[in-house]
file work_20.cif (mmCIF, C-alpha atoms)
data_coords
#
loop_
_atom_site.label_atom_id
_atom_site.label_comp_id
_atom_site.auth_asym_id
_atom_site.auth_seq_id
_atom_site.Cartn_x
_atom_site.Cartn_y
_atom_site.Cartn_z
CA MET A 1 98.61 149.84 86.61
CA THR A 2 98.81 148.49 83.08
CA LYS A 3 99.56 144.93 82.09
CA TRP A 4 102.90 146.04 80.70
CA TYR A 5 103.83 147.49 84.09
CA HIS A 6 103.32 144.08 85.70
CA PHE A 7 105.11 142.33 82.83
CA LYS A 8 108.17 144.60 83.13
CA LYS A 9 108.16 144.16 86.91
CA GLY A 10 108.22 140.38 86.40
CA VAL A 11 111.18 140.61 84.01
CA VAL A 12 113.16 143.05 86.17
CA GLN A 13 112.58 141.14 89.41
CA GLU A 14 113.50 137.84 87.76
CA LEU A 15 116.77 139.11 86.27
CA PRO A 16 119.05 138.90 89.37
CA ILE A 17 118.16 135.21 89.83
CA GLN A 18 119.53 134.50 86.37
CA ILE A 19 123.06 134.77 87.77
CA GLY A 20 122.44 131.42 89.43
CA VAL A 21 120.30 129.97 86.67
CA PHE A 22 122.86 130.44 83.88
CA PRO A 23 125.60 128.19 85.35
CA PHE A 24 122.92 125.67 86.29
CA GLY A 25 121.82 125.55 82.65
CA ILE A 26 125.42 125.10 81.50
CA ILE A 27 125.83 122.24 83.94
CA TYR A 28 122.70 120.62 82.59
CA GLY A 29 124.05 120.90 79.04
CA VAL A 30 127.38 119.37 80.04
CA ILE A 31 125.78 116.48 81.94
CA ALA A 32 123.25 115.81 79.19
CA ILE A 33 125.96 115.41 76.55
CA GLU A 34 128.25 113.43 78.88
CA SER A 35 125.40 111.06 79.69
CA GLY A 36 124.98 110.16 76.02
CA LEU A 37 122.12 112.33 74.85
CA THR A 38 122.49 113.86 71.38
CA ILE A 39 122.72 117.66 70.98
CA LEU A 40 119.17 117.74 69.63
CA GLN A 41 117.75 115.59 72.42
CA ALA A 42 119.51 117.63 75.10
CA PHE A 43 118.30 120.93 73.64
CA VAL A 44 114.74 119.83 72.91
CA MET A 45 114.47 118.52 76.46
CA SER A 46 115.04 122.04 77.77
CA SER A 47 111.88 123.19 76.02
CA VAL A 48 109.76 120.05 76.39
CA ILE A 49 110.39 119.42 80.11
CA PHE A 50 111.63 122.91 81.11
CA ALA A 51 112.46 121.92 84.68
CA GLY A 52 116.13 122.06 85.70
CA ALA A 53 116.25 119.44 88.44
CA SER A 54 114.09 117.02 86.44
CA GLN A 55 116.24 117.40 83.33
CA ILE A 56 119.42 116.73 85.28
CA VAL A 57 117.88 113.73 87.00
CA PHE A 58 116.73 112.49 83.59
CA ALA A 59 120.25 112.86 82.17
CA LYS A 60 121.80 111.12 85.17
CA LEU A 61 119.31 108.25 85.43
CA PHE A 62 118.03 107.36 81.97
CA LEU A 63 120.84 104.88 81.34
CA ILE A 64 120.93 103.30 84.79
CA VAL A 65 117.28 102.86 85.77
CA ASN A 66 114.23 101.51 83.94
CA PRO A 67 111.71 103.93 82.34
CA THR A 68 109.16 103.39 85.14
CA SER A 69 111.68 104.42 87.80
CA LEU A 70 112.70 107.41 85.72
CA LEU A 71 109.12 108.61 85.19
CA THR A 72 108.31 108.03 88.86
CA SER A 73 111.37 110.01 89.92
CA ILE A 74 110.47 112.90 87.60
CA THR A 75 106.90 112.87 88.93
CA ALA A 76 108.12 112.87 92.53
CA ILE A 77 110.58 115.69 91.92
CA ASN A 78 107.95 117.82 90.20
CA LEU A 79 105.21 117.33 92.77
CA ARG A 80 106.21 120.57 94.46
CA HIS A 81 105.01 122.39 91.33
CA PHE A 82 101.53 121.19 92.17
CA LEU A 83 101.68 123.24 95.36
CA TYR A 84 102.97 126.24 93.43
CA GLY A 85 99.94 125.96 91.18
CA VAL A 86 97.59 125.77 94.14
CA SER A 87 98.97 128.94 95.72
CA VAL A 88 99.32 130.95 92.47
CA ASN A 89 95.78 129.98 91.47
CA GLU A 90 94.44 132.03 94.40
CA TYR A 91 95.64 135.19 92.60
CA LEU A 92 94.73 134.20 89.03
CA LYS A 93 91.07 133.33 89.24
CA GLN A 94 89.65 134.87 86.07
CA LEU A 95 92.00 133.57 83.40
CA THR A 96 91.15 131.94 80.10
CA LEU A 97 92.28 128.40 79.36
CA LYS A 98 94.95 129.74 76.97
CA TRP A 99 96.51 131.80 79.77
CA ARG A 100 96.32 128.88 82.20
CA ILE A 101 98.18 126.65 79.75
CA ILE A 102 100.90 129.25 79.12
CA LEU A 103 101.40 130.02 82.81
CA SER A 104 101.42 126.34 83.77
CA TYR A 105 104.26 125.78 81.34
CA LEU A 106 106.22 128.73 82.78
CA LEU A 107 105.59 127.88 86.45
CA THR A 108 109.12 127.01 87.55
CA ASP A 109 110.78 127.37 90.98
CA GLU A 110 112.40 130.72 90.23
CA ALA A 111 109.42 132.28 88.45
CA TYR A 112 107.09 131.16 91.23
CA ALA A 113 109.38 132.51 93.96
CA VAL A 114 109.48 135.98 92.39
CA SER A 115 105.83 136.22 91.32
CA ILE A 116 104.20 134.87 94.48
CA LYS A 117 106.14 137.41 96.52
CA TYR A 118 104.88 140.15 94.18
CA PHE A 119 101.27 138.92 94.39
CA GLN A 120 101.38 138.80 98.17
CA SER A 121 102.92 142.24 98.61
CA ASN A 122 100.75 144.22 96.15
CA ASN A 123 97.07 145.04 95.93
CA HIS A 124 95.20 142.63 93.72
CA SER A 125 95.22 143.38 89.99
CA ASP A 126 93.43 141.71 87.10
CA PHE A 127 96.77 141.83 85.27
CA PHE A 128 98.81 139.91 87.83
CA HIS A 129 99.28 137.11 85.29
CA TYR A 130 101.48 139.41 83.22
CA HIS A 131 103.98 139.42 86.08
CA LEU A 132 104.25 135.64 86.02
CA LEU A 133 104.49 135.81 82.23
CA GLY A 134 107.42 138.25 82.55
CA SER A 135 109.28 136.25 85.19
CA GLY A 136 108.55 132.94 83.45
CA LEU A 137 109.66 134.13 80.00
CA THR A 138 112.85 135.63 81.43
CA LEU A 139 113.71 132.31 82.99
CA PHE A 140 112.74 130.42 79.84
CA ILE A 141 115.10 132.48 77.67
CA THR A 142 118.00 132.19 80.13
CA TRP A 143 117.46 128.46 80.49
CA GLN A 144 117.43 127.82 76.73
CA LEU A 145 120.55 129.95 76.16
CA SER A 146 122.52 128.50 79.06
CA SER A 147 121.56 124.93 78.14
CA LEU A 148 122.74 125.57 74.59
CA VAL A 149 126.05 127.00 75.83
CA GLY A 150 126.55 123.91 78.01
CA ILE A 151 125.59 121.54 75.21
CA ILE A 152 127.87 123.13 72.59
CA PHE A 153 130.82 124.34 74.65
CA GLY A 154 130.53 121.83 77.46
CA GLU A 155 133.63 119.93 76.33
CA ALA A 156 135.69 123.06 76.91
CA VAL A 157 134.91 122.82 80.62
CA PRO A 158 137.81 120.92 82.28
CA SER A 159 136.59 117.72 83.99
CA TYR A 160 138.88 118.27 87.01
CA LEU A 161 136.65 121.20 88.00
CA ASN A 162 133.95 118.64 88.88
CA LEU A 163 131.26 121.16 88.06
CA GLU A 164 128.58 118.51 88.47
CA PHE A 165 129.04 119.04 92.20
CA ILE A 166 127.12 122.31 91.72
CA ILE A 167 123.94 120.26 91.55
CA PRO A 168 123.95 118.80 95.07
CA LEU A 169 125.21 122.18 96.30
CA SER A 170 122.30 123.98 94.67
CA PHE A 171 119.88 121.43 96.15
CA ILE A 172 121.47 122.06 99.56
CA GLY A 173 120.90 125.77 99.00
CA ILE A 174 117.24 125.13 98.17
CA ILE A 175 116.46 122.54 100.85
CA ILE A 176 118.21 123.87 103.95
CA PRO A 177 116.05 127.03 104.22
CA MET A 178 112.98 124.74 103.97
CA LEU A 179 113.98 122.88 107.14
CA ARG A 180 112.23 124.93 109.76
CA LYS A 181 110.39 122.32 111.82
CA LYS A 182 111.40 119.11 113.55
CA HIS A 183 109.40 116.81 111.30
CA GLU A 184 111.03 118.37 108.21
CA ILE A 185 114.52 117.79 109.61
CA ILE A 186 113.69 114.22 110.65
CA SER A 187 112.19 113.46 107.22
CA CYS A 188 115.23 114.96 105.51
CA LEU A 189 117.72 112.89 107.51
CA ALA A 190 115.62 109.73 107.21
CA SER A 191 115.36 109.98 103.44
CA GLY A 192 119.06 110.83 103.11
CA ILE A 193 120.40 108.05 105.32
CA SER A 194 118.02 105.43 103.92
CA SER A 195 119.01 106.45 100.39
CA LEU A 196 122.64 105.61 101.14
CA ILE A 197 121.66 102.10 102.22
CA LEU A 198 119.20 101.53 99.39
CA TYR A 199 121.62 102.85 96.75
CA ARG A 200 124.42 100.66 98.14
CA LEU A 201 122.08 97.67 97.91
CA ASN A 202 121.42 98.52 94.24
CA ILE A 203 117.70 98.97 94.86
CA GLU A 204 116.42 100.40 91.59
CA LEU A 205 113.75 102.68 93.09
CA TRP A 206 116.10 103.96 95.77
CA ILE A 207 115.00 107.58 95.41
CA ILE A 208 111.32 106.71 95.67
CA PHE A 209 111.71 104.30 98.59
CA SER A 210 113.91 106.68 100.55
CA ALA A 211 111.42 109.51 99.84
CA LEU A 212 108.58 107.30 101.08
CA ILE A 213 110.54 106.52 104.25
CA GLY A 214 111.03 110.25 104.79
CA ILE A 215 107.32 110.96 104.19
CA PHE A 216 106.30 108.12 106.51
CA LEU A 217 108.48 109.44 109.33
CA GLY A 218 107.17 112.94 108.64
CA TYR A 219 103.62 111.60 108.89
CA LEU A 220 104.43 109.89 112.21
CA CYS A 221 105.94 113.11 113.57
CA ILE A 222 102.88 115.14 112.54
CA SER A 223 100.53 112.51 113.97
CA PHE A 224 102.34 112.50 117.31
CA GLY A 225 102.68 116.26 117.39
CA VAL A 226 106.47 116.35 116.90
CA GLU A 227 106.57 119.41 114.68
CA GLU A 228 107.92 122.56 116.25
CA MET B 1 111.99 102.72 75.72
CA ASN B 2 112.95 105.23 73.03
CA ILE B 3 114.65 108.30 74.52
CA TRP B 4 112.43 110.70 72.57
CA ILE B 5 109.30 109.06 73.97
CA LEU B 6 110.76 109.30 77.48
CA ILE B 7 111.56 113.00 77.00
CA PHE B 8 108.03 113.77 75.82
CA LEU B 9 106.46 111.66 78.57
CA CYS B 10 108.50 113.57 81.16
CA GLY B 11 107.40 116.82 79.51
CA ILE B 12 103.74 115.76 79.70
CA ILE B 13 104.12 114.72 83.35
CA THR B 14 105.82 118.00 84.28
CA PHE B 15 103.22 120.10 82.47
CA THR B 16 100.27 118.13 83.87
CA ILE B 17 101.49 118.52 87.46
CA ARG B 18 101.75 122.29 86.94
CA PHE B 19 98.52 122.58 84.98
CA LEU B 20 96.14 120.57 87.21
CA PRO B 21 95.89 123.05 90.09
CA LEU B 22 95.75 126.02 87.68
CA SER B 23 93.19 124.43 85.38
CA GLY B 24 90.26 124.85 87.73
CA ILE B 25 89.39 121.16 87.25
CA LEU B 26 90.34 120.37 90.84
CA LYS B 27 88.25 122.07 93.49
CA PHE B 28 89.75 121.53 96.89
CA LYS B 29 90.97 123.24 99.98
CA VAL B 30 94.50 122.22 100.94
CA SER B 31 94.85 122.05 104.68
CA GLY B 32 96.24 120.32 107.76
CA HIS B 33 98.09 117.02 107.51
CA TYR B 34 97.91 116.89 103.73
CA LEU B 35 99.51 120.28 103.17
CA ARG B 36 102.30 119.60 105.66
CA LEU B 37 103.09 116.27 104.02
CA ILE B 38 103.05 117.77 100.52
CA GLN B 39 105.46 120.44 101.74
CA ILE B 40 108.12 117.90 102.71
CA ILE B 41 108.06 116.16 99.32
CA PRO B 42 110.77 118.36 97.74
CA ILE B 43 112.90 117.73 100.84
CA VAL B 44 112.58 113.94 100.81
CA VAL B 45 113.04 113.69 97.04
CA LEU B 46 116.04 116.00 96.67
CA THR B 47 117.89 114.87 99.82
CA PRO B 48 118.59 111.34 98.50
CA ILE B 49 120.04 112.89 95.34
CA ILE B 50 122.32 115.09 97.48
CA PHE B 51 123.44 112.19 99.70
CA GLN B 52 124.20 109.93 96.73
CA ALA B 53 126.16 112.66 94.94
CA VAL B 54 128.14 113.57 98.05
CA PHE B 55 128.88 110.20 99.68
CA PHE B 56 129.42 108.01 96.63
CA ILE B 57 132.42 108.51 94.38
CA SER B 58 133.06 106.64 91.14
CA ASP B 59 132.32 102.91 90.98
CA ASN B 60 129.63 103.24 93.66
CA GLN B 61 132.29 103.53 96.32
CA PHE B 62 130.98 104.88 99.61
CA LEU B 63 133.53 107.29 101.07
CA VAL B 64 133.37 109.64 104.05
CA VAL B 65 136.72 110.55 105.66
CA GLU B 66 138.83 111.05 102.53
CA ASN B 67 135.99 112.54 100.53
CA SER B 68 136.39 116.26 99.92
CA LYS B 69 132.75 116.52 98.81
CA VAL B 70 131.59 115.61 102.31
CA TYR B 71 133.47 118.51 103.93
CA ALA B 72 132.42 120.96 101.24
CA ALA B 73 128.79 119.83 101.60
CA ILE B 74 128.90 120.28 105.40
CA LEU B 75 130.31 123.78 104.95
CA SER B 76 127.60 124.51 102.37
CA VAL B 77 124.91 123.46 104.83
CA PHE B 78 126.24 126.03 107.33
CA ILE B 79 126.49 128.71 104.64
CA SER B 80 122.92 127.99 103.58
CA ILE B 81 121.70 128.21 107.20
CA LEU B 82 123.52 131.52 107.70
CA LEU B 83 122.90 133.25 104.38
CA LYS B 84 119.83 131.45 102.97
CA ASN B 85 121.13 132.15 99.48
CA VAL B 86 121.56 129.51 96.78
CA ILE B 87 124.21 131.40 94.82
CA TYR B 88 126.49 131.97 97.85
CA THR B 89 126.00 128.33 98.85
CA ILE B 90 127.12 127.17 95.41
CA ILE B 91 130.09 129.55 95.16
CA ILE B 92 131.48 128.90 98.65
CA GLY B 93 130.72 125.17 98.37
CA MET B 94 132.58 124.82 95.06
CA MET B 95 135.55 126.91 96.18
CA SER B 96 135.91 124.93 99.41
CA PHE B 97 135.56 121.69 97.45
CA TRP B 98 138.42 122.65 95.10
CA ILE B 99 140.65 123.73 98.00
CA ILE B 100 139.95 120.63 100.12
CA ASP B 101 140.35 118.39 97.08
CA LYS B 102 143.80 119.88 96.42
CA MET B 103 144.74 119.27 100.06
CA PHE B 104 143.77 115.59 99.78
CA VAL B 105 145.82 115.17 96.62
CA ILE B 106 148.89 116.65 98.31
#

call {"tool": "encode", "arguments": {"input": "work_20.cif", "output": "structure tokens"}}
result
Amino acid sequence: MTKWYHFKKGVVQELPIQIGVFPFGIIYGVIAIESGLTILQAFVMSSVIFAGASQIVFAKLFLIVNPTSLLTSITAINLRHFLYGVSVNEYLKQLTLKWRIILSYLLTDEAYAVSIKYFQSNNHSDFFHYHLLGSGLTLFITWQLSSLVGIIFGEAVPSYLNLEFIIPLSFIGIIIPMLRKKHEIISCLASGISSLILYRLNIELWIIFSALIGIFLGYLCISFGVEE
Amino acid sequence: MNIWILIFLCGIITFTIRFLPLSGILKFKVSGHYLRLIQIIPIVVLTPIIFQAVFFISDNQFLVVENSKVYAAILSVFISILLKNVIYTIIIGMMSFWIIDKMFVI
């Protein structure tokens, strides 16, 4: 199969997910402008960071926490991408540095989800990277367009719709299917409940501390065999 | 700190996290405890953001009973368990939120 076959497969398989990505991008644009970022800053961020959850967290936090907390939060949120890289790397062994840089930039949640499934369910090909290129570029284009729509036309969205509530809902939709074992559920509840207390107490690093509490409890569960 | 610097720093952080495992610089086998702990990181980082957005309304006011977001979020959790689909979770969650919110106003 040619490289263009894999590329087209990546684009076609990524397309249905864009139905969810587009409103998410609009929401980002709306929140970015509402939070005080300029049009240029909001739009450039979509290319420079290119990570939906991180961009929204940036827009929500940059005025209320210090830069260290913000950077730590972004790092913590993006750590899952490290795992994506580890698993994708198993299928992309012989790539040049140029390809590795391009694919690293395009390695988002949605592109990873589509491409890793493709890699796992097809016989190995030296052109697998074209699939990730196709899925990643499709997402990139949708994200830039939807962000721009949100940034420019965001004011037309009535505030009573409370569209920002889409964000926790989308995180619920992402996280709940991940909760398959006891230690994951315990960690989830521990981080959530502790975050309420820490946020109420105005602890600046509330996200980080509550995440650490969740990880600690997860570690205890694993150590004591409380997993299944 | 200047916002532009922050944006570019966040961009560098995001790219570096994605690039490191793909770069070939790190040679390691992920296994056991480490892998299981890494896997819960998205859960423990995103859950606090969900809880804060759901349970706190404006002015940092903690609200449960008369908070339509709480009921919509609970329903969304069930939808996500049943359908395992982000789009359906968002659509049903938002629609239930608008309906419940209207009920509270009345």

call {"tool": "resolve_selection", "arguments": {"input": "work_20.cif", "expression": "the PyMOL selection byres ((chain B) within 7 of (chain A))", "output": "VMD selection string"}}
result
chain B and resid 1 7 to 8 10 to 11 13 to 15 17 to 19 21 to 23 37 40 to 48 50 to 53 73 76 to 77 80 to 81 84 to 87 89 to 90 93 to 94

call {"tool": "residues_around", "arguments": {"input": "work_20.cif", "residues": "His124 (chain A)", "least_positions_apart": "4", "cutoff": "8 Å", "atoms": "only C-alpha atoms", "output": "JSON, numbers by chain"}}
result
{"A": [91, 119, 128]}

call {"tool": "atom_distance", "arguments": {"input": "work_20.cif", "atom1": "CA of Thr16 (chain B)", "atom2": "CA of Lys98 (chain A)"}}
result
14.5 Å

call {"tool": "atom_distance", "arguments": {"input": "work_20.cif", "atom1": "CA of Leu220 (chain A)", "atom2": "CA of Ile49 (chain B)"}}
result
23.2 Å

call {"tool": "atom_distance", "arguments": {"input": "work_20.cif", "atom1": "CA of Leu6 (chain B)", "atom2": "CA of Ser147 (chain A)"}}
result
19.0 Å

call {"tool": "resolve_selection", "arguments": {"input": "work_20.cif", "expression": "the PyMOL selection byres ((chain A and resi 11) around 6)", "output": "NGL selection string"}}
result
:A and (8-10 or 12-14 or 134-135 or 138)

call {"tool": "resolve_selection", "arguments": {"input": "work_20.cif", "expression": "the PyMOL selection byres ((chain A and resi 35) around 10)", "output": "PyMOL selection string"}}
result
chain A and resi 29-34+36-38+42+56+58-63

call {"tool": "closest_residue", "arguments": {"input": "work_20.cif", "among": "B:Ile100, B:Leu26, B:Leu20, B:Ile3", "to": "Val65 (chain B)", "atoms": "all atoms listed in the file"}}
result
B:Ile100
